[in-house]
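S.K.: First the structure, which I've put down as structure tokens, then a few questions once you've had a look.
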Amino acid sequence: MTTNIRQRARKQWLGLVLLALVSQGTFVTTSIAQQADNQYIEGAVLWQQASGERRALSYQAFALARMMLDRDLRMNRRIRKPRAVIVDLDETILDNGLNEGMQVRNHVNFNQKDWTEWINRAEATAIPGSVEFLRYAAARGVTVFYITNRNDIQKQGTATNLKKLGFPNVDDQTLLVQTDPKNSSKEPRRQSVGAKYRIVLLMGDDLNDFSEVFEESTTVDSRMAAADRYRDQFGKRFIMLPNATLKAY
Ligand SMILES: [Mg+2]
């Protein structure tokens with residue numbers, strides 16, 4: 001197959017997937033169709049939406065999380081400090097594939113207005129395996145903290161969505177949104193959790209969900225190097241979810 005034919009076939013397939021989603025009536029867009037530079041993301045969105053492998057990787061991540069949590073519960077019985085698990089939301093436990101698909105289909109770039117409308121509809125779905133793992137952790141006395149860079153005006157819709165999907169202990173103390181529009185670092189929120197809890201696991205789809213070391217790494221080379229430096233943490237304290245749509249540095 002030539003590249004052109006392959007690209008055409010891929011576009012047709014994506015169109016079918018997206019049309020199927022639209023025809024389900026699950027998505028209403030308010031954006032005016034316009035030119036956007038998001039064509040590069042088309043294949044990534046398709047993979048997120050239609051890949052059994054992505055689904056399997058998600059199950060794998062939460063199975064590993066459960067193993068590591070069980071190990072900690074077994075091996076560190078005498079530590080009195082209460083345990084916590086920290087999770088990111090978007091593309092870690094919440095799947096926004098419908099929203100991303102519509103952006104590509106309508107040639108609309110990411111923008112806060114559409115993003116807030118999507119969040120307030122509370123229609124994101126759960127990443128496979130996420131609800132089960134977090135309910136398992138909560139049932140064993142582990143507090144789940146949801147650290148997200150969604151903001152204050154998006155908090156209510158986010159809480160509604162999380163509760164609707166069955167995620168445990170969602171409240172003002174555990175749902176920690178970004179409060180300073182100029183500072184997206186999650187480090188102060190991680191530290192506030194760490195002051196009272198022993199953080200057993202952190203889960204995310206972005207290196208910045210794990211440590212300020214990654215937040216400070218803002219080039220491809222430095223992020224590669226930081227990932228190498230912290231390789232021993234991955235699959236143990238840091239557990240990564242797959243997200244092909246994440247923008248490269
Ligand atoms: Mg995320």
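Each chain in the structure tokens gets a letter, A, B and so on, in the order shown; residues start at 1 in every chain, and ligands are counted from 1 in the order they appear.
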Using DSSP secondary structure from the backbone, list all strand (DSSP E or B) positions within range 54-243 of chain A, as a ChimeraX atom specification.
M.R.: /A:83-87,90,94-95,125-126,143-151,175-178,198-204,234,238-240
S.K.: Would you list the contacts of range 214-220 of chain A as a PyMOL selection string, taking every protein, DNA or RNA residue within 6 Å and counting only C-alpha atoms, but skipping same-chain residues closer than 6 positions in sequence?
M.R.: chain A and resi 207-208+249
S.K.: Check every protein, DNA and RNA residue against ligand 1, keep those with an atom at most 9 Å away (counting only C-alpha atoms and all ligand atoms), and present them as a VMD selection string.
M.R.: chain A and resid 88 to 94 148 to 149 204 to 206 209 241 243 246
S.K.: I'd like the interatomic distance between CA of Gln173 in chain A and CA of Thr116 in chain A, to a tenth of an Å.
M.R.: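 Taking CA of Gln173 in chain A and CA of Thr116 in chain A, their separation equals 21.8 Å.
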S.K.: Ranking A:Ile239, A:Ile153, A:Ile119, A:Val87 by minimum distance to Phe167 in chain A and counting only C-alpha atoms, which one comes first?
M.R.: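 Ranked by minimum distance to Phe167 in chain A, first place goes to A:Val87.
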S.K.: Point out the residue among A:Ser58, A:Asn120, A:Thr174, A:Thr158 with the least atom-to-atom distance to Glu132 in chain A, counting only C-alpha atoms.
M.R.: A:Ser58
S.K.: Of the residues A:Gln60, A:Gln112, A:Ser51, A:Ser211, which is the one nearest to Phe133 in chain A, using only C-alpha atoms?
M.R.: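 Answer, going by the shortest atom-to-atom distance: A:Gln60.
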S.K.: Give me, as a list in words, all polymer residues having an atom no more than 9 Å from Val177 in chain A, counting only C-alpha atoms and skipping those fewer than 6 positions away in the same chain.
M.R.: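 The neighbour list is Tyr146, Ile147, Thr148, Asn149, Arg150, Asn151, Asp152, Gln154, Lys155 and Arg189 of chain A.
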S.K.: Which distance in Å separates CA of Ile86 in chain A and CA of Met224 in chain A, to one decimal?
M.R.: 23.2 Å
S.K.: Please give the complete set of residues from range 74-224 of chain A that DSSP, run on the backbone, assigns to alpha helix (DSSP H), formatted as a count of residues only.
M.R.: 61
S.K.: Taking only C-alpha atoms into account, name the residue in A:Tyr136, A:Glu212, A:Gly97, A:Leu73 that is nearest to Trp47 in chain A.
M.R.: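 Smallest separation from Trp47 in chain A among the options: A:Gly97.
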S.K.: Any idea what the distance is between CA of Pro242 in chain A and CA of Asn99 in chain A?
M.R.: 17.4 Å
S.K.: Counting only C-alpha atoms, which of A:Ala84, A:Leu134, A:Leu175, A:Met203 gets nearest to Ala61 in chain A?
M.R.: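 Among the listed residues, A:Met203 lies closest to Ala61 in chain A.
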